[in-house]
Structure formats: structure tokens, C-alpha cells
>>> print(open('coords_23.txt').read())   # compact mmCIF, C-alpha atoms
# COMPACT_ATOMS: atom_id res chain seq x y z
CA MET D 1 127.45 87.84 134.73
CA GLY D 2 127.47 84.23 135.83
CA LYS D 3 124.54 81.85 135.48
CA ILE D 4 121.39 83.41 134.09
CA LYS D 5 118.32 82.85 136.22
CA THR D 6 116.02 85.80 135.49
CA ILE D 7 115.19 87.31 132.10
CA GLY D 8 113.62 90.72 131.60
CA ILE D 9 111.46 91.59 128.58
CA LEU D 10 110.80 95.06 127.23
CA THR D 11 109.26 96.60 124.12
CA SER D 12 110.70 99.85 122.85
CA GLY D 13 110.22 102.37 120.07
CA GLY D 14 107.20 102.24 117.77
CA ASP D 15 104.66 99.51 118.48
CA ALA D 16 104.17 96.75 115.93
CA PRO D 17 101.45 94.08 115.56
CA GLY D 18 102.88 90.84 116.88
CA MET D 19 104.82 92.33 119.79
CA ASN D 20 102.38 90.69 122.21
CA ALA D 21 102.86 87.34 120.50
CA ALA D 22 106.61 87.80 121.02
CA ILE D 23 106.14 88.70 124.70
CA ARG D 24 104.00 85.59 125.10
CA ALA D 25 106.59 83.37 123.39
CA VAL D 26 109.53 84.66 125.44
CA THR D 27 107.57 84.36 128.68
CA ARG D 28 106.29 80.85 128.12
CA ALA D 29 109.46 79.46 126.54
CA GLY D 30 111.48 81.02 129.37
CA ILE D 31 109.32 79.54 132.10
CA TYR D 32 109.33 76.18 130.29
CA SER D 33 113.14 76.27 130.38
CA GLY D 34 113.28 77.11 134.08
CA PHE D 35 113.89 80.88 133.99
CA ASN D 36 112.18 83.56 136.02
CA ILE D 37 110.58 86.16 133.76
CA LYS D 38 110.04 89.83 134.50
CA GLY D 39 108.15 92.29 132.32
CA ILE D 40 109.58 95.79 132.08
CA TYR D 41 106.95 98.41 131.29
CA ARG D 42 107.46 101.37 128.92
CA GLY D 43 110.73 100.22 127.42
CA TRP D 44 114.08 101.60 128.52
CA GLU D 45 112.25 104.38 130.37
CA GLY D 46 110.55 101.74 132.51
CA LEU D 47 113.90 100.19 133.39
CA ILE D 48 115.18 103.61 134.46
CA ASN D 49 112.06 104.07 136.65
CA ASP D 50 112.05 100.47 137.94
CA ASP D 51 108.62 99.77 136.43
CA VAL D 52 109.06 96.00 136.59
CA LYS D 53 106.69 93.11 137.32
CA THR D 54 107.18 89.35 137.66
CA PHE D 55 105.42 87.49 134.83
CA THR D 56 103.72 84.11 134.87
CA THR D 57 102.02 82.26 132.02
CA GLU D 58 98.73 83.85 133.10
CA ASN D 59 100.10 87.34 132.39
CA VAL D 60 100.39 86.48 128.70
CA SER D 61 97.25 84.40 128.32
CA GLY D 62 95.12 85.47 125.35
CA ILE D 63 97.40 88.26 124.15
CA ILE D 64 98.52 86.60 120.91
CA THR D 65 95.51 88.11 119.11
CA GLN D 66 96.09 91.67 120.32
CA GLY D 67 97.91 94.45 118.49
CA GLY D 68 100.12 96.93 120.31
CA THR D 69 102.06 95.81 123.38
CA ILE D 70 100.82 94.99 126.88
CA LEU D 71 104.20 96.16 128.19
CA LYS D 72 103.57 99.62 126.67
CA THR D 73 106.36 101.44 124.92
CA ALA D 74 108.15 104.77 125.05
CA ARG D 75 111.08 106.58 123.52
CA SER D 76 113.54 107.39 126.30
CA LYS D 77 115.74 110.47 125.93
CA GLU D 78 117.24 109.79 129.34
CA PHE D 79 118.46 106.36 128.26
CA MET D 80 120.51 108.10 125.57
CA THR D 81 122.67 109.58 128.33
CA PRO D 82 125.33 107.74 130.39
CA GLU D 83 123.49 108.79 133.56
CA GLY D 84 120.24 107.29 132.33
CA ARG D 85 121.88 104.01 131.40
CA GLN D 86 123.50 103.90 134.85
CA LYS D 87 120.05 104.16 136.45
CA ALA D 88 118.79 101.41 134.18
CA TYR D 89 121.68 99.15 135.15
CA ASP D 90 121.22 99.84 138.86
CA ASN D 91 117.59 98.74 138.60
CA LEU D 92 118.61 95.70 136.56
CA VAL D 93 120.83 94.66 139.47
CA LYS D 94 118.14 95.53 142.02
CA GLU D 95 115.60 93.34 140.20
CA GLU D 96 118.19 90.54 139.86
CA ILE D 97 117.68 90.45 136.09
CA ASP D 98 120.56 88.62 134.41
CA ALA D 99 119.58 89.01 130.73
CA LEU D 100 117.32 91.21 128.63
CA VAL D 101 115.14 90.47 125.62
CA ILE D 102 114.45 93.68 123.71
CA ILE D 103 111.62 93.74 121.17
CA GLY D 104 111.93 96.71 118.86
CA GLY D 105 113.50 98.27 115.82
CA ASN D 106 116.74 99.96 114.83
CA GLY D 107 116.82 102.49 117.68
CA SER D 108 115.89 99.94 120.33
CA LEU D 109 118.60 97.51 119.28
CA THR D 110 121.13 100.33 119.01
CA GLY D 111 120.37 101.15 122.65
CA ALA D 112 120.75 97.49 123.56
CA LYS D 113 124.12 97.33 121.81
CA ILE D 114 125.44 100.33 123.75
CA PHE D 115 124.01 99.07 127.05
CA ALA D 116 125.53 95.63 126.56
CA GLN D 117 128.95 97.11 125.80
CA GLU D 118 128.94 99.43 128.80
CA TYR D 119 127.73 96.98 131.43
CA ASP D 120 128.47 93.50 130.06
CA VAL D 121 124.77 92.62 130.07
CA CYS D 122 123.44 89.75 127.97
CA CYS D 123 121.00 91.36 125.54
CA ILE D 124 118.96 89.51 122.92
CA GLY D 125 116.92 91.42 120.35
CA LEU D 126 113.74 90.54 118.51
CA PRO D 127 113.00 92.43 115.26
CA GLY D 128 109.80 94.28 116.17
CA THR D 129 109.17 97.03 113.61
CA ILE D 130 106.69 97.58 110.79
CA ASP D 131 109.46 99.13 108.65
CA ASN D 132 111.22 95.82 107.87
CA ASP D 133 114.55 97.68 107.91
CA LEU D 134 116.61 95.39 110.17
CA TYR D 135 119.38 93.57 108.35
CA GLY D 136 119.74 89.80 108.61
CA THR D 137 116.09 88.75 108.78
CA ASP D 138 113.74 88.25 105.85
CA ALA D 139 110.91 90.02 107.66
CA THR D 140 110.33 91.88 110.91
CA ILE D 141 107.48 91.41 113.37
CA GLY D 142 104.57 93.63 112.33
CA TYR D 143 105.57 94.12 108.70
CA ASP D 144 103.13 91.60 107.23
CA THR D 145 100.17 92.92 109.23
CA THR D 146 100.95 96.48 108.19
CA MET D 147 101.21 95.43 104.55
CA ASN D 148 97.75 93.92 104.77
CA THR D 149 96.34 97.02 106.47
CA ILE D 150 97.75 99.26 103.73
CA MET D 151 96.35 96.95 101.07
CA GLU D 152 92.86 97.08 102.56
CA CYS D 153 92.96 100.89 102.77
CA VAL D 154 94.25 101.37 99.23
CA ASP D 155 91.67 98.95 97.82
CA ARG D 156 88.95 101.19 99.26
CA ILE D 157 90.59 104.39 98.08
CA ARG D 158 90.84 102.99 94.55
CA ASP D 159 87.04 102.76 94.39
CA THR D 160 86.87 106.52 94.88
CA ALA D 161 89.82 107.17 92.56
CA GLN D 162 88.12 105.30 89.74
CA SER D 163 84.70 106.79 90.39
CA HIS D 164 86.01 110.36 90.25
CA GLU D 165 88.90 109.71 87.84
CA ARG D 166 91.41 111.07 90.32
CA ILE D 167 95.09 110.64 91.06
CA PHE D 168 95.67 109.61 94.66
CA PHE D 169 99.03 109.98 96.36
CA ILE D 170 98.90 107.66 99.37
CA GLU D 171 101.58 108.10 102.00
CA VAL D 172 102.71 105.08 104.01
CA MET D 173 105.18 104.65 106.85
CA GLY D 174 108.63 103.18 106.53
CA ARG D 175 110.94 105.91 107.76
CA ASP D 176 114.10 105.62 105.60
CA ALA D 177 113.15 102.25 104.11
CA GLY D 178 110.84 101.71 101.15
CA PHE D 179 109.74 98.12 101.79
CA LEU D 180 106.17 99.05 102.72
CA ALA D 181 105.74 101.38 99.76
CA GLN D 182 107.34 99.09 97.22
CA ASN D 183 105.53 95.90 98.16
CA SER D 184 102.15 97.46 98.96
CA ALA D 185 102.25 99.11 95.53
CA ILE D 186 102.58 95.67 93.92
CA ALA D 187 99.91 94.16 96.16
CA CYS D 188 97.46 97.00 95.46
CA GLY D 189 98.08 97.26 91.73
CA ALA D 190 99.38 100.82 92.09
CA GLU D 191 100.81 102.67 89.13
CA ALA D 192 103.97 103.76 90.94
CA ALA D 193 105.90 103.75 94.22
CA ILE D 194 108.10 106.64 95.32
CA ILE D 195 110.63 105.41 97.87
CA PRO D 196 113.82 106.66 99.57
CA GLU D 197 116.05 104.09 97.88
CA GLU D 198 115.14 105.40 94.43
CA ALA D 199 115.53 109.17 94.58
CA THR D 200 112.74 110.57 92.41
CA ASP D 201 113.54 113.70 90.46
CA GLU D 202 111.24 115.72 88.22
CA ASP D 203 111.85 113.61 85.11
CA GLN D 204 111.03 110.39 86.97
CA LEU D 205 107.78 111.81 88.28
CA ALA D 206 106.89 112.88 84.77
CA GLU D 207 107.63 109.33 83.60
CA PHE D 208 105.29 107.95 86.27
CA MET D 209 102.58 110.26 84.97
CA LYS D 210 103.09 109.25 81.36
CA ARG D 211 103.14 105.57 82.20
CA GLY D 212 100.24 105.57 84.62
CA ILE D 213 97.84 108.10 83.16
CA ARG D 214 96.76 107.15 79.67
CA LYS D 215 93.61 107.89 77.74
CA SER D 216 92.18 104.63 78.96
CA LYS D 217 93.49 105.09 82.52
CA LYS D 218 92.25 108.30 84.05
CA SER D 219 92.65 107.25 87.69
CA CYS D 220 95.97 106.48 89.32
CA ILE D 221 97.36 105.30 92.65
CA VAL D 222 100.88 106.32 93.68
CA ILE D 223 102.28 104.97 96.97
CA VAL D 224 104.76 107.33 98.63
CA SER D 225 107.10 106.62 101.56
CA GLU D 226 106.77 109.16 104.35
CA SER D 227 109.34 111.95 104.27
CA PRO D 228 109.56 115.34 105.99
CA LYS D 229 110.62 116.94 102.70
CA CYS D 230 109.18 114.85 99.88
CA GLY D 231 106.04 113.16 101.15
CA ALA D 232 102.71 112.71 99.43
CA MET D 233 101.76 116.39 99.77
CA TYR D 234 104.94 117.45 97.98
CA TYR D 235 104.27 115.25 94.95
CA ALA D 236 100.58 116.12 94.85
CA ASP D 237 101.43 119.83 94.76
CA ARG D 238 103.90 119.24 91.93
CA VAL D 239 101.33 117.41 89.86
CA LYS D 240 98.77 120.17 90.44
CA ASN D 241 101.29 122.70 89.15
CA GLU D 242 102.84 120.68 86.32
CA PHE D 243 99.75 118.74 85.18
CA PRO D 244 96.83 121.04 86.04
CA GLY D 245 94.36 118.99 84.07
CA TYR D 246 94.29 116.21 86.66
CA ASP D 247 92.20 115.99 89.82
CA VAL D 248 94.65 115.15 92.62
CA ARG D 249 94.02 113.96 96.16
CA VAL D 250 96.24 112.91 99.07
CA SER D 251 95.63 110.28 101.73
CA ILE D 252 98.12 109.92 104.59
CA LEU D 253 97.42 106.59 106.26
CA GLY D 254 99.38 107.50 109.39
CA HIS D 255 99.19 105.49 112.59
CA LEU D 256 96.29 103.29 111.57
CA GLN D 257 99.01 101.22 109.89
CA ARG D 258 100.40 100.22 113.29
CA GLY D 259 97.22 98.83 114.81
CA GLY D 260 95.13 95.74 114.44
CA SER D 261 95.29 92.05 115.25
CA PRO D 262 98.50 90.50 113.85
CA THR D 263 98.30 88.20 110.86
CA ALA D 264 99.12 84.51 111.12
CA ARG D 265 102.50 85.19 109.51
CA ASP D 266 103.41 87.79 112.15
CA ARG D 267 102.19 85.59 115.00
CA ILE D 268 104.32 82.71 113.77
CA LEU D 269 107.39 84.92 113.24
CA ALA D 270 107.00 86.40 116.73
CA SER D 271 106.58 82.95 118.26
CA ARG D 272 109.59 81.47 116.47
CA THR D 273 111.90 84.36 117.33
CA GLY D 274 110.61 84.49 120.91
CA VAL D 275 111.46 80.82 121.44
CA GLY D 276 114.72 81.45 119.60
CA ALA D 277 115.64 84.17 122.11
CA ILE D 278 115.43 81.70 124.99
CA GLU D 279 117.39 79.09 123.05
CA ALA D 280 120.07 81.70 122.31
CA ILE D 281 120.41 82.52 126.02
CA ILE D 282 120.69 78.82 126.89
CA GLN D 283 123.41 78.43 124.25
CA GLY D 284 125.37 81.35 125.70
CA GLN D 285 124.71 83.75 122.82
CA ARG D 286 125.05 87.44 123.65
CA ASN D 287 124.12 90.67 121.97
CA VAL D 288 122.44 89.21 118.91
CA MET D 289 119.13 89.71 117.18
CA ILE D 290 117.02 86.65 116.44
CA GLY D 291 115.92 86.60 112.83
CA VAL D 292 114.44 84.17 110.33
CA ARG D 293 116.28 83.85 107.04
CA ASN D 294 115.35 81.29 104.36
CA ASN D 295 112.94 79.81 106.93
CA GLU D 296 115.75 79.15 109.42
CA VAL D 297 116.19 80.90 112.77
CA VAL D 298 119.47 82.82 112.75
CA TYR D 299 121.53 84.87 115.22
CA VAL D 300 122.53 88.27 113.85
CA PRO D 301 125.03 90.46 115.77
CA PHE D 302 123.56 93.83 116.75
CA SER D 303 126.22 95.65 114.75
CA GLU D 304 125.05 93.84 111.62
CA ALA D 305 121.30 94.01 112.31
CA ILE D 306 121.21 97.79 112.70
CA ARG D 307 123.02 98.47 109.45
CA SER D 308 121.09 101.00 107.39
CA ASP D 309 121.56 99.33 104.02
CA LYS D 310 119.15 96.39 104.04
CA PRO D 311 118.64 96.05 100.31
CA LEU D 312 115.35 96.13 98.46
CA ASP D 313 114.83 93.44 95.85
CA LYS D 314 115.56 95.30 92.60
CA LYS D 315 113.59 92.69 90.66
CA LEU D 316 110.43 93.99 92.29
CA PHE D 317 110.88 97.38 90.64
CA LYS D 318 110.66 95.59 87.30
CA VAL D 319 107.55 93.73 88.44
CA LEU D 320 105.81 96.97 89.46
CA ASN D 321 106.81 98.80 86.26
CA GLU D 322 105.66 96.05 83.96
CA LEU D 323 102.32 95.52 85.71
CA SER D 324 101.45 99.22 85.98
CA ILE D 325 101.02 99.81 82.22
>>> encode(input="coords_23.txt", output="C-alpha cells")
Amino acid sequence: MGKIKTIGILTSGGDAPGMNAAIRAVTRAGIYSGFNIKGIYRGWEGLINDDVKTFTTENVSGIITQGGTILKTARSKEFMTPEGRQKAYDNLVKEEIDALVIIGGNGSLTGAKIFAQEYDVCCIGLPGTIDNDLYGTDATIGYDTTMNTIMECVDRIRDTAQSHERIFFIEVMGRDAGFLAQNSAIACGAEAAIIPEEATDEDQLAEFMKRGIRKSKKSCIVIVSESPKCGAMYYADRVKNEFPGYDVRVSILGHLQRGGSPTARDRILASRTGVGAIEAIIQGQRNVMIGVRNNEVVYVPFSEAIRSDKPLDKKLFKVLNELSI
């Protein structure tokens, strides 16, 4: 594509606390390095509709404290088609954008990978997802804030659980990854976590009950990863049927997990990866995600980042089991 002069920024997929800090970092680091910066509103859909605006440092002033994304976000079905991606590319050329920084999760970076392959566009990804399911980075932007939000909610629910001697099944987000459920269970002192990576059959649920509900422990918190088939409601119904002596309740935390001012950790991660995106473009990197691994900024090829097998730390299962007695 020749020399890069103008960089476009977009946020796509589910919003995550810290996305604004990332937008701020890319904008300011880009301007500092001599690039023109353009904000693309509503993700890939905005690029298809030419919803683009030139950004200055003033456009990102004060946004580091805000949750959500000032660029808005959307899931674009049209971008999934060759015709939609052609429209997006035509507008990229029209706006004289030479490179894209995409802030989002697995689906967003998958779209970037396809777009880059079809049109030879320099695309750089930032890991913006509360699910923490992108391979090659220790954490994703928004994950820490969401963990803290879940912890605050569960701490309050536990007061009621103990007062009424109830079992609470609390459903958290995470899609196909159990990072939120596993680690929030440890942070909240939960008795169990039911996650996609550890398929839970009837015997395992019974084991959770035996381990967590003792004569001296009549209340119980179980964190469950969201699932269309086996979410918190499913397990609560099973307990009602199989252990009718217990008072069972369900709390689905839902989208409140996405909101709120980002934590210091998420602001720093967003800032580091945002600056890293500009450095990657200057170095001639293409089609990589910027991650932080062992406290070092790393470049992860899209094909590696969107792998679906980012491993959970198995040692943490042992931690949860031992501390839940």
C-alpha cells in the first residue's frame, strides 16, 4: 500500500471497559508520530456506511475514565459478505486510510484477518474483550474491570445467601471461555465454578453439592459460565429436583458486567497496546494483534490470536477446590 500516512480506528463486537483508553492511546501516539488519525464509528458497519471523522487530541480528551466506546460498536452482517467488504474497502480508499487499528475480540479480529487477506490492507488488532479468550496475551482489555464488577456483585449476593441459607447460582459472561467464572469464583470465595472447559456432568454437580453444602455451611455460591443449554437456570432446576431440601436462587448478572469506569490495570493495558499498535505500524508489522505477555508487549499473528484453545491455568482449579471446603 506504500507509505502509511493515515490510520483509521474502529471498535467492533461487544464493548469492553478500557476501549476508550485504547482509542485515546492510538490517537495520541499516532499524532505524536506524525500520522493522521480517523475515527470510524460503529465498527465495520461504519466503514461500510462511510461513517468516518478526522480525530485530533481534543476528540479523545477525558475519555480514559469512561466505559463503553465513544466510537460506538455494532455487529455487521453485511461485512461478513464479499459485497460488504468491497464497500468497506471502497470507503477506505475514499477516506485515504492506509492502515486500520481494530479494537475488539475474536470475531472482530477474524474479520480483520479476512479483510487484510482480500485487500492487502495493514490491519493491527488490540485485544478488546471482557472474555479474555484471545490467545497470545496474558489479559484482554476489559477483563480486569469485569472481574471486579462480578466480585462486587457476588459479595453483595453472598450477604443474602448467608442470611437466608440459600444456594445461589450466579451466571457470568464469557461465551465459550471460563476465565471470568473460574477467577471470579476464587476472588469471591465461591464454593464452585461451572465452566465450558470442564464439562460438568451429574456426578460432578453432586460432588460440588457434597463439598460445598455441609452441616456448618448452609449457604453456597456457584459461579456458572453463560450457556444457551447449561446456564445457571439449568443447574438451579437440577438442584431443586435432586436436592429438594435446599432453597435455590439464580442471579444472571448480564450486561452490567460490561459497564463501568475501567480499572487502573485495564487503562494501563489499553494504553500500552495502543502505543504498541503505532509502533508496530512504524516497524512495518502487518496483520498482528498487540498483546502483553510476561509484562512485555508482543506481536501475535491474527491466525494465532483467534485460536479457540487459550488454556485455563489448571492449577487454579486446585486452588478453588481446596479453598471451598
>>> closest_residue(input="coords_23.txt", among="D:Val248, D:Gly136, D:Asp176, D:Glu242", to="Glu296 in chain D", atoms="only C-alpha atoms")
D:Gly136
>>> residues_near_point(input="coords_23.txt", point="(105.2, 93.6, 118.8)", cutoff="12 Å", atoms="only C-alpha atoms", output="MDAnalysis selection string")
chainID D and resid 9:26 63:73 102:105 126:130 140:146 258:263 266:267 269:271 273:274
>>> atom_distance(input="coords_23.txt", atom1="CA of Ile97 in chain D", atom2="CA of Val297 in chain D")
25.2 Å
>>> closest_residue(input="coords_23.txt", among="D:Leu323, D:Ala88, D:Cys230, D:Val121", to="Gly189 in chain D", atoms="all atoms listed in the file")
D:Leu323
>>> atom_distance(input="coords_23.txt", atom1="CA of Gly291 in chain D", atom2="CA of Asp138 in chain D")
7.5 Å
>>> closest_residue(input="coords_23.txt", among="D:Ile167, D:Val172, D:Val319, D:Ile325", to="Ile221 in chain D", atoms="only C-alpha atoms")
D:Ile167
>>> residues_around(input="coords_23.txt", residues="Cys122 in chain D", least_positions_apart="3", cutoff="12 Å", atoms="all atoms listed in the file", output="ChimeraX atom specification")
/D:1-8,89,92,97-102,112-119,125,277-278,280-289,302
>>> atom_distance(input="coords_23.txt", atom1="CA of Glu171 in chain D", atom2="CA of Gly254 in chain D")
7.7 Å
>>> residues_around(input="coords_23.txt", residues="range 149-151 of chain D", least_positions_apart="3", cutoff="7 Å", atoms="only C-alpha atoms", output="PyMOL selection string")
chain D and resi 145-146+154-155+184+187-188+257
>>> axis_aligned_box(input="coords_23.txt", around="range 6-13 of chain D", padding_each_side="5 Å", output="JSON")
{"center_x": 112.6, "center_y": 94.1, "center_z": 127.8, "size_x": 16.8, "size_y": 26.6, "size_z": 25.4}
>>> closest_residue(input="coords_23.txt", among="D:Gly111, D:Gly231, D:Pro301, D:Pro311", to="Ala177 in chain D", atoms="all atoms listed in the file")
D:Pro311
>>> closest_residue(input="coords_23.txt", among="D:Glu165, D:Glu226, D:Asp247, D:Glu96", to="Ala193 in chain D", atoms="all atoms listed in the file")
D:Glu226
>>> closest_residue(input="coords_23.txt", among="D:Thr54, D:Asn321, D:Asn132, D:Ser251", to="Ile170 in chain D", atoms="only C-alpha atoms")
D:Ser251
>>> closest_atom_pairs(input="coords_23.txt", of="range 79-142 of chain D", to="range 35-49 of chain D", cutoff="7 Å", atoms="only C-alpha atoms", output="CSV")
residue,atom,partner,partner_atom,distance
D:Phe79,CA,D:Trp44,CA,6.5
D:Gly84,CA,D:Ile48,CA,6.6
D:Lys87,CA,D:Ile48,CA,5.3
D:Ala88,CA,D:Ile48,CA,4.2
D:Asn91,CA,D:Leu47,CA,6.5
>>> write_last_selection(input="coords_23.txt", atoms="C-alpha atoms", output="CSV table (one decimal), keeping the file's coordinate frame")
chain,number,residue,atom,x,y,z
D,79,PHE,CA,118.5,106.4,128.3
D,84,GLY,CA,120.2,107.3,132.3
D,87,LYS,CA,120.0,104.2,136.4
D,88,ALA,CA,118.8,101.4,134.2
D,91,ASN,CA,117.6,98.7,138.6
>>> residues_around(input="coords_23.txt", residues="Val224 in chain D", least_positions_apart="6", cutoff="10 Å", atoms="all atoms listed in the file", output="NGL selection string")
:D and (169-174 or 178 or 180-182 or 185 or 192-196 or 230-233 or 235 or 252)
>>> decode(input="coords_23.txt", residues="range 6-17 of chain D", atoms="all heavy atoms", output="CSV table (one decimal), in the first residue's frame")
chain,number,residue,atom,x,y,z
D,6,THR,N,-2.2,7.8,7.0
D,6,THR,CA,-3.5,7.9,7.7
D,6,THR,C,-3.9,6.6,8.3
D,6,THR,O,-3.9,5.6,7.6
D,6,THR,CB,-4.6,8.5,6.9
D,6,THR,OG1,-4.2,9.8,6.3
D,6,THR,CG2,-5.9,8.7,7.6
D,7,ILE,N,-4.2,6.6,9.6
D,7,ILE,CA,-4.6,5.4,10.3
D,7,ILE,C,-6.1,5.6,10.8
D,7,ILE,O,-6.5,6.6,11.3
D,7,ILE,CB,-3.7,5.2,11.5
D,7,ILE,CG1,-2.3,5.0,11.1
D,7,ILE,CG2,-4.2,4.0,12.4
D,7,ILE,CD1,-1.3,5.0,12.3
D,8,GLY,N,-6.9,4.6,10.5
D,8,GLY,CA,-8.3,4.5,11.0
D,8,GLY,C,-8.4,3.7,12.2
D,8,GLY,O,-7.7,2.6,12.3
D,9,ILE,N,-9.3,4.0,13.1
D,9,ILE,CA,-9.5,3.3,14.3
D,9,ILE,C,-11.0,2.9,14.4
D,9,ILE,O,-11.9,3.7,14.1
D,9,ILE,CB,-9.2,4.1,15.6
D,9,ILE,CG1,-7.9,4.8,15.5
D,9,ILE,CG2,-9.2,3.2,16.9
D,9,ILE,CD1,-7.7,5.8,16.7
D,10,LEU,N,-11.3,1.6,14.7
D,10,LEU,CA,-12.7,1.3,15.0
D,10,LEU,C,-12.8,0.3,16.1
D,10,LEU,O,-11.8,-0.4,16.5
D,10,LEU,CB,-13.3,0.6,13.7
D,10,LEU,CG,-12.7,-0.7,13.1
D,10,LEU,CD1,-13.3,-1.9,13.8
D,10,LEU,CD2,-13.0,-0.7,11.6
D,11,THR,N,-13.9,0.3,16.8
D,11,THR,CA,-14.2,-0.7,17.8
D,11,THR,C,-15.4,-1.6,17.3
D,11,THR,O,-16.3,-1.1,16.7
D,11,THR,CB,-14.6,0.0,19.1
D,11,THR,OG1,-15.6,1.0,18.9
D,11,THR,CG2,-13.4,0.7,19.8
D,12,SER,N,-15.3,-2.9,17.6
D,12,SER,CA,-16.2,-3.8,17.0
D,12,SER,C,-16.6,-4.9,18.0
D,12,SER,O,-15.8,-5.1,18.9
D,12,SER,CB,-15.6,-4.4,15.7
D,12,SER,OG,-16.5,-5.4,15.1
D,13,GLY,N,-17.8,-5.5,17.8
D,13,GLY,CA,-18.2,-6.5,18.7
D,13,GLY,C,-18.7,-6.0,20.0
D,13,GLY,O,-19.2,-4.8,20.1
D,14,GLY,N,-18.7,-6.8,21.0
D,14,GLY,CA,-19.1,-6.3,22.4
D,14,GLY,C,-18.2,-5.3,22.9
D,14,GLY,O,-17.0,-5.3,22.8
D,15,ASP,N,-18.8,-4.3,23.6
D,15,ASP,CA,-18.0,-3.2,24.2
D,15,ASP,C,-17.2,-3.8,25.4
D,15,ASP,O,-17.7,-4.8,26.0
D,15,ASP,CB,-18.8,-2.0,24.6
D,15,ASP,CG,-19.9,-2.4,25.6
D,15,ASP,OD1,-20.7,-3.3,25.3
D,15,ASP,OD2,-19.9,-1.8,26.8
D,16,ALA,N,-16.2,-3.2,25.8
D,16,ALA,CA,-15.4,-3.6,26.9
D,16,ALA,C,-14.8,-2.4,27.6
D,16,ALA,O,-14.3,-1.5,26.9
D,16,ALA,CB,-14.2,-4.5,26.5
D,17,PRO,N,-14.8,-2.3,29.0
D,17,PRO,CA,-14.2,-1.2,29.7
D,17,PRO,C,-12.7,-1.1,29.3
D,17,PRO,O,-12.0,-2.0,29.4
D,17,PRO,CB,-14.4,-1.5,31.1
D,17,PRO,CG,-15.5,-2.5,31.2
D,17,PRO,CD,-15.4,-3.3,29.9
